[in-house]
>>> print(open('coords10.txt').read())   # compact mmCIF, C-alpha atoms
# COMPACT_ATOMS: atom_id res chain seq x y z
CA MET A 370 189.86 -25.09 155.66
CA GLY A 371 192.80 -24.40 153.34
CA ASP A 372 192.62 -22.84 149.91
CA LEU A 373 190.97 -24.71 147.09
CA ASP A 374 192.56 -25.18 143.67
CA ILE A 375 190.60 -26.44 140.65
CA ARG A 376 192.94 -27.68 137.92
CA PRO A 377 193.09 -30.21 135.03
CA ALA A 378 193.48 -33.84 136.13
CA THR A 379 196.76 -35.67 135.48
CA THR A 380 197.82 -39.32 135.58
CA ASP A 381 198.87 -38.98 139.23
CA ASP A 382 195.29 -38.02 140.16
CA VAL A 383 193.57 -41.07 138.64
CA SER A 384 193.64 -43.24 141.75
CA ALA A 385 192.05 -40.47 143.87
CA ILE A 386 189.44 -39.71 141.19
CA VAL A 387 188.43 -43.37 140.97
CA ALA A 388 188.13 -43.50 144.78
CA LEU A 389 185.70 -40.55 144.58
CA LEU A 390 183.71 -42.20 141.78
CA ALA A 391 183.47 -45.45 143.77
CA ASP A 392 182.47 -43.76 147.08
CA ASP A 393 178.89 -43.26 145.95
CA PRO A 394 175.70 -45.35 146.21
CA LEU A 395 175.56 -45.81 142.43
CA GLY A 396 179.31 -45.71 141.71
CA ALA A 397 180.12 -48.46 144.24
CA GLN A 398 178.56 -51.03 141.90
CA ARG A 399 180.18 -49.89 138.70
CA GLU A 400 183.78 -48.90 139.45
CA SER A 401 186.92 -51.06 139.89
CA PRO A 402 189.41 -49.10 142.07
CA ASP A 403 191.76 -52.13 142.13
CA ASN A 404 192.38 -51.96 138.40
CA LEU A 405 193.28 -48.50 137.12
CA THR A 406 194.22 -49.57 133.58
CA PRO A 407 190.89 -48.64 131.91
CA TYR A 408 190.81 -45.32 133.76
CA LEU A 409 194.35 -44.41 132.67
CA ALA A 410 193.44 -45.20 129.05
CA ALA A 411 190.32 -43.00 129.36
CA LEU A 412 192.37 -40.13 130.84
CA GLU A 413 194.75 -40.28 127.87
CA ARG A 414 191.81 -40.02 125.51
CA LEU A 415 190.35 -37.10 127.47
CA THR A 416 193.66 -35.25 127.59
CA SER A 417 194.11 -35.45 123.82
CA ASP A 418 190.67 -33.93 123.14
CA PRO A 419 190.54 -30.11 123.40
CA ASN A 420 186.78 -30.22 124.08
CA GLN A 421 187.21 -32.31 127.22
CA HIS A 422 188.00 -30.82 130.61
CA LEU A 423 188.40 -33.27 133.47
CA VAL A 424 189.28 -31.28 136.57
CA VAL A 425 190.08 -32.01 140.19
CA ALA A 426 189.53 -29.82 143.24
CA VAL A 427 192.57 -29.92 145.51
CA ARG A 428 192.70 -28.74 149.12
CA GLU A 429 195.96 -28.99 151.10
CA GLY A 430 197.42 -31.37 148.53
CA ARG A 431 194.43 -33.74 148.71
CA ILE A 432 191.95 -34.37 145.91
CA VAL A 433 188.51 -33.61 147.30
CA GLY A 434 186.36 -33.27 144.19
CA THR A 435 186.13 -33.87 140.46
CA LEU A 436 183.98 -33.00 137.48
CA GLN A 437 184.08 -33.49 133.71
CA LEU A 438 183.04 -30.72 131.32
CA THR A 439 182.54 -31.48 127.60
CA VAL A 440 182.11 -28.71 125.03
CA ILE A 441 179.71 -29.69 122.21
CA PRO A 442 179.25 -27.53 119.12
CA GLY A 443 175.96 -27.98 117.27
CA LEU A 444 173.59 -26.55 114.68
CA SER A 445 170.44 -26.18 116.77
CA ARG A 446 169.65 -22.88 118.59
CA ARG A 447 171.37 -20.84 115.84
CA GLY A 448 174.57 -22.83 115.89
CA ALA A 449 174.87 -22.74 119.68
CA THR A 450 177.72 -24.47 121.45
CA ARG A 451 176.64 -26.20 124.65
CA SER A 452 178.50 -27.88 127.48
CA VAL A 453 177.70 -31.09 129.31
CA VAL A 454 178.72 -31.75 132.92
CA GLU A 455 179.35 -35.37 133.96
CA GLY A 456 180.81 -37.16 136.97
CA VAL A 457 180.47 -34.48 139.64
CA ARG A 458 181.84 -35.95 142.88
CA VAL A 459 182.69 -34.36 146.24
CA HIS A 460 184.66 -36.20 148.95
CA ALA A 461 182.50 -37.33 151.90
CA ASP A 462 184.54 -35.10 154.28
CA GLU A 463 183.75 -32.03 152.18
CA ARG A 464 179.98 -32.39 151.76
CA GLY A 465 178.19 -29.27 152.89
CA SER A 466 181.40 -27.22 152.57
CA GLY A 467 180.31 -25.42 149.41
CA LEU A 468 182.76 -27.41 147.29
CA GLY A 469 180.03 -28.73 144.95
CA THR A 470 178.99 -25.13 144.31
CA ARG A 471 182.62 -24.11 143.67
CA LEU A 472 183.05 -26.94 141.17
CA MET A 473 179.82 -26.11 139.36
CA GLU A 474 180.69 -22.40 139.31
CA TRP A 475 184.00 -23.38 137.69
CA ALA A 476 182.07 -25.38 135.06
CA ILE A 477 179.66 -22.51 134.37
CA ASP A 478 182.47 -19.92 134.16
CA GLU A 479 184.51 -22.15 131.83
CA SER A 480 181.40 -22.73 129.66
CA ARG A 481 180.92 -18.96 129.35
CA ARG A 482 184.60 -18.52 128.52
CA GLN A 483 184.13 -21.02 125.68
CA ASP A 484 181.05 -19.14 124.40
CA CYS A 485 178.61 -21.88 125.36
CA ARG A 486 175.00 -20.74 125.45
CA LEU A 487 173.74 -23.65 127.50
CA VAL A 488 175.12 -25.90 130.25
CA GLN A 489 173.36 -29.23 130.66
CA LEU A 490 173.61 -32.33 132.79
CA THR A 491 171.54 -35.30 133.82
CA SER A 492 171.14 -36.59 137.34
CA ASP A 493 169.81 -40.01 138.32
CA ASN A 494 166.12 -39.90 139.34
CA THR A 495 167.12 -41.18 142.80
CA ARG A 496 169.54 -38.31 143.57
CA THR A 497 166.91 -35.91 144.91
CA ASP A 498 169.41 -33.90 147.00
CA ALA A 499 171.46 -33.30 143.86
CA HIS A 500 168.32 -32.13 142.03
CA ARG A 501 167.70 -29.44 144.64
CA PHE A 502 171.39 -28.47 144.47
CA TYR A 503 171.24 -27.94 140.68
CA GLU A 504 168.02 -25.96 140.97
CA ARG A 505 169.63 -23.67 143.56
CA LEU A 506 172.40 -23.03 141.03
CA GLY A 507 169.79 -21.86 138.50
CA PHE A 508 169.33 -25.03 136.47
CA THR A 509 165.84 -25.98 135.28
CA ALA A 510 164.63 -29.58 135.37
CA SER A 511 163.12 -29.15 131.90
CA HIS A 512 164.06 -32.50 130.36
CA VAL A 513 163.80 -36.25 130.79
CA GLY A 514 167.17 -38.01 130.60
CA PHE A 515 167.14 -41.34 128.72
CA LYS A 516 169.95 -43.90 128.82
CA LEU A 517 170.52 -47.09 126.85
CA GLN A 518 173.22 -49.50 128.04
CA LEU A 519 175.06 -51.21 125.18
CA MET B 44 158.99 -44.78 99.31
CA GLY B 45 162.52 -44.72 97.85
CA ASP B 46 165.69 -45.94 99.52
CA LEU B 47 167.02 -44.11 102.53
CA ASP B 48 170.63 -43.03 102.87
CA ILE B 49 172.11 -41.82 106.18
CA ARG B 50 175.36 -39.92 105.62
CA PRO B 51 177.51 -37.14 107.17
CA ALA B 52 176.11 -33.62 106.65
CA THR B 53 177.90 -31.22 104.31
CA THR B 54 177.70 -27.45 103.73
CA ASP B 55 175.11 -27.98 100.99
CA ASP B 56 172.77 -29.62 103.53
CA VAL B 57 172.75 -26.79 106.06
CA SER B 58 169.71 -24.95 104.69
CA ALA B 59 167.62 -28.14 104.76
CA ILE B 60 168.83 -29.08 108.25
CA VAL B 61 167.92 -25.64 109.61
CA ALA B 62 164.47 -25.94 108.00
CA LEU B 63 164.00 -29.23 109.91
CA LEU B 64 165.20 -27.67 113.18
CA ALA B 65 162.82 -24.72 112.73
CA ASP B 66 159.77 -26.86 111.78
CA ASP B 67 159.12 -27.85 115.38
CA PRO B 68 157.03 -26.35 118.23
CA LEU B 69 160.18 -25.55 120.25
CA GLY B 70 162.58 -24.93 117.35
CA ALA B 71 160.30 -22.35 115.68
CA GLN B 72 161.16 -19.86 118.45
CA ARG B 73 164.89 -20.39 118.50
CA GLU B 74 166.10 -20.82 114.93
CA SER B 75 166.84 -18.24 112.19
CA PRO B 76 166.46 -19.96 108.79
CA ASP B 77 167.01 -16.59 107.03
CA ASN B 78 170.56 -16.27 108.32
CA LEU B 79 172.66 -19.39 107.81
CA THR B 80 175.99 -17.82 108.85
CA PRO B 81 176.02 -19.12 112.45
CA TYR B 82 174.96 -22.58 111.28
CA LEU B 83 177.73 -22.78 108.66
CA ALA B 84 180.30 -21.80 111.30
CA ALA B 85 178.93 -24.50 113.62
CA LEU B 86 179.11 -27.12 110.84
CA GLU B 87 182.77 -26.27 110.25
CA ARG B 88 183.48 -26.78 113.92
CA LEU B 89 181.59 -30.10 113.95
CA THR B 90 183.37 -31.37 110.84
CA SER B 91 186.80 -30.70 112.31
CA ASP B 92 186.01 -32.71 115.48
CA PRO B 93 186.39 -36.51 115.08
CA ASN B 94 184.01 -37.13 118.02
CA GLN B 95 181.14 -35.32 116.31
CA HIS B 96 178.84 -36.98 113.80
CA LEU B 97 176.13 -34.79 112.31
CA VAL B 98 174.19 -36.90 109.81
CA VAL B 99 171.32 -36.40 107.43
CA ALA B 100 168.78 -38.94 106.18
CA VAL B 101 168.24 -38.56 102.44
CA ARG B 102 165.37 -40.06 100.44
CA GLU B 103 165.16 -39.47 96.67
CA GLY B 104 167.66 -36.61 96.91
CA ARG B 105 165.70 -34.84 99.64
CA ILE B 106 166.84 -34.34 103.23
CA VAL B 107 164.14 -35.83 105.44
CA GLY B 108 165.88 -36.19 108.80
CA THR B 109 168.90 -35.28 110.89
CA LEU B 110 170.62 -36.21 114.14
CA GLN B 111 173.84 -35.33 115.94
CA LEU B 112 175.90 -37.98 117.74
CA THR B 113 178.75 -36.96 120.08
CA VAL B 114 181.24 -39.49 121.44
CA ILE B 115 182.39 -38.66 124.99
CA PRO B 116 185.22 -40.54 126.71
CA GLY B 117 185.21 -40.48 130.50
CA LEU B 118 186.57 -42.03 133.68
CA SER B 119 183.33 -43.12 135.33
CA ARG B 120 181.94 -46.66 134.82
CA ARG B 121 185.48 -48.11 134.47
CA GLY B 122 186.60 -45.60 131.87
CA ALA B 123 183.48 -46.03 129.74
CA THR B 124 183.01 -44.01 126.56
CA ARG B 125 179.42 -42.85 126.10
CA SER B 126 177.56 -41.15 123.27
CA VAL B 127 175.05 -38.33 123.37
CA VAL B 128 172.30 -37.88 120.79
CA GLU B 129 171.08 -34.33 120.10
CA GLY B 130 168.86 -32.62 117.55
CA VAL B 131 166.84 -35.58 116.25
CA ARG B 132 164.45 -34.24 113.61
CA VAL B 133 162.20 -35.97 111.07
CA HIS B 134 160.48 -34.12 108.22
CA ALA B 135 156.70 -33.68 108.76
CA ASP B 136 156.00 -35.75 105.60
CA GLU B 137 157.94 -38.67 107.00
CA ARG B 138 156.49 -38.93 110.50
CA GLY B 139 155.20 -42.42 111.18
CA SER B 140 157.33 -43.84 108.35
CA GLY B 141 159.86 -45.45 110.70
CA LEU B 142 162.51 -42.88 109.80
CA GLY B 143 163.02 -41.81 113.43
CA THR B 144 163.70 -45.44 114.30
CA ARG B 145 166.13 -45.78 111.39
CA LEU B 146 168.02 -42.67 112.51
CA MET B 147 168.22 -43.86 116.12
CA GLU B 148 169.30 -47.34 115.00
CA TRP B 149 172.08 -45.68 113.05
CA ALA B 150 173.12 -43.76 116.21
CA ILE B 151 173.06 -46.92 118.35
CA ASP B 152 175.02 -48.94 115.75
CA GLU B 153 177.61 -46.19 115.36
CA SER B 154 177.93 -45.93 119.17
CA ARG B 155 178.60 -49.69 119.35
CA ARG B 156 181.14 -49.39 116.52
CA GLN B 157 182.93 -46.74 118.59
CA ASP B 158 182.92 -48.99 121.70
CA CYS B 159 180.47 -46.81 123.63
CA ARG B 160 178.89 -48.55 126.59
CA LEU B 161 176.02 -46.10 126.96
CA VAL B 162 173.90 -43.95 124.64
CA GLN B 163 172.17 -41.03 126.29
CA LEU B 164 169.91 -38.15 125.33
CA THR B 165 167.53 -35.70 126.91
CA SER B 166 164.07 -34.86 125.66
CA ASP B 167 162.03 -31.83 126.69
CA ASN B 168 159.40 -32.68 129.34
CA THR B 169 156.68 -31.58 126.90
CA ARG B 170 157.64 -34.07 124.14
CA THR B 171 155.64 -37.00 125.52
CA ASP B 172 155.36 -38.74 122.12
CA ALA B 173 159.16 -38.67 121.85
CA HIS B 174 159.45 -40.18 125.34
CA ARG B 175 157.34 -43.18 124.32
CA PHE B 176 159.41 -43.47 121.13
CA TYR B 177 162.71 -43.65 123.06
CA GLU B 178 161.26 -46.17 125.52
CA ARG B 179 160.15 -48.38 122.62
CA LEU B 180 163.79 -48.30 121.40
CA GLY B 181 164.91 -49.66 124.79
CA PHE B 182 165.95 -46.42 126.49
CA THR B 183 165.15 -45.96 130.19
CA ALA B 184 163.90 -42.63 131.56
CA SER B 185 166.25 -42.97 134.52
CA HIS B 186 167.46 -39.37 134.80
CA VAL B 187 166.32 -35.78 135.18
CA GLY B 188 167.77 -33.45 132.55
CA PHE B 189 168.83 -30.03 133.83
CA LYS B 190 169.64 -27.02 131.62
CA LEU B 191 171.07 -23.62 132.41
CA GLN B 192 170.92 -20.92 129.73
CA LEU B 193 173.96 -18.63 129.72
>>> encode(input="coords10.txt", output="structure tokens")
Amino acid sequence: MGDLDIRPATTDDVSAIVALLADDPLGAQRESPDNLTPYLAALERLTSDPNQHLVVAVREGRIVGTLQLTVIPGLSRRGATRSVVEGVRVHADERGSGLGTRLMEWAIDESRRQDCRLVQLTSDNTRTDAHRFYERLGFTASHVGFKLQL
Amino acid sequence: MGDLDIRPATTDDVSAIVALLADDPLGAQRESPDNLTPYLAALERLTSDPNQHLVVAVREGRIVGTLQLTVIPGLSRRGATRSVVEGVRVHADERGSGLGTRLMEWAIDESRRQDCRLVQLTSDNTRTDAHRFYERLGFTASHVGFKLQL
């Protein structure tokens, strides 16, 4: 396989990102690939916020993965900054290729570069393969993740 | 008990906030109430970020609770903005007074005001009382929370 590039997402990438988000057992029910307007508005908001890093993984000109990293300062743990990873997606063709690991290593390296002392994420209870993947990367399943839909 | 005010934290509140963070089975090991320097630096960073809301609950001039709300835009779920709650603490004297509920209601109301479609948080696996508390507020324990210390 060709070289992999991980870089910030731009407007031209939105359609491919949404396709990745929708090609997922959970995402299929909650995305609208036929209407990109809300996604383009969200990208504009992300791009204007220096603590947001939405990236795409590109191989041979094709977007094959995405991930969002958010840097969150805070008082707890002696004023520790932490990062939160959301929306990790790997194209179906690339599963098992090590791309998920490459994306997460990017997120961990970038978190270190930004002096984060903790990287955190939540994964749906049903995604048991993902849970094993995060544990292999050194993450600990130490917390319960609660969500409230508004 | 006197009236409760929930307002943004200021420099003068940092010592009391750190005392709340440290008065906790987990926080006792990871906070340094004798050295406020890192906390003051973190507050400055929080205050300069419009997506960060560190608040204190004040009763009769005394800080009795704190919570941090972070607003996170994103592409997934049709460009949904979500919020993350961190560092919820209630003074020992106030436990059972409904203050935790008041703080969380503030966080939920503020999230709605900011057009968030989801409020999320993680709670350590050992905090089983907190888990019941979040479920009573309508949260669902739908996720596993992973952390990686750097």
>>> residues_around(input="coords10.txt", residues="Leu180 in chain B", least_positions_apart="6", cutoff="9 Å", atoms="only C-alpha atoms", output="list in words")
Leu517 of chain A; Thr144, Met147 and Glu148 of chain B
>>> residues_near_point(input="coords10.txt", point="(181.6, -22.9, 131.3)", cutoff="12 Å", atoms="only C-alpha atoms", output="JSON, numbers by chain")
{"A": [420, 421, 422, 437, 438, 439, 440, 441, 450, 451, 452, 453, 454, 472, 473, 474, 475, 476, 477, 478, 479, 480, 481, 482, 483, 484, 485, 486, 487, 488, 489], "B": [191, 192, 193]}
>>> interface_residues(input="coords10.txt", of="chain B", to="chain A", cutoff="6 Å", atoms="all atoms listed in the file", output="VMD selection string")
chain B and resid 73 to 74 81 to 82 85 117 to 118 120 to 122 160 to 168 182 to 193
>>> atom_distance(input="coords10.txt", atom1="CA of Val98 in chain B", atom2="CA of Asp67 in chain B")
18.4 Å
>>> atom_distance(input="coords10.txt", atom1="CA of Asp172 in chain B", atom2="CA of Asp498 in chain A")
29.0 Å
>>> closest_residue(input="coords10.txt", among="B:Asp56, B:Asp77, B:Asp66, B:Asp46", to="Arg145 in chain B", atoms="all atoms listed in the file")
B:Asp46
>>> atom_distance(input="coords10.txt", atom1="CA of Gly371 in chain A", atom2="CA of Thr435 in chain A")
17.3 Å
>>> axis_aligned_box(input="coords10.txt", around="range 164-167 of chain B", padding_each_side="3 Å", output="JSON")
{"center_x": 166.0, "center_y": -35.0, "center_z": 126.1, "size_x": 13.9, "size_y": 12.3, "size_z": 7.6}
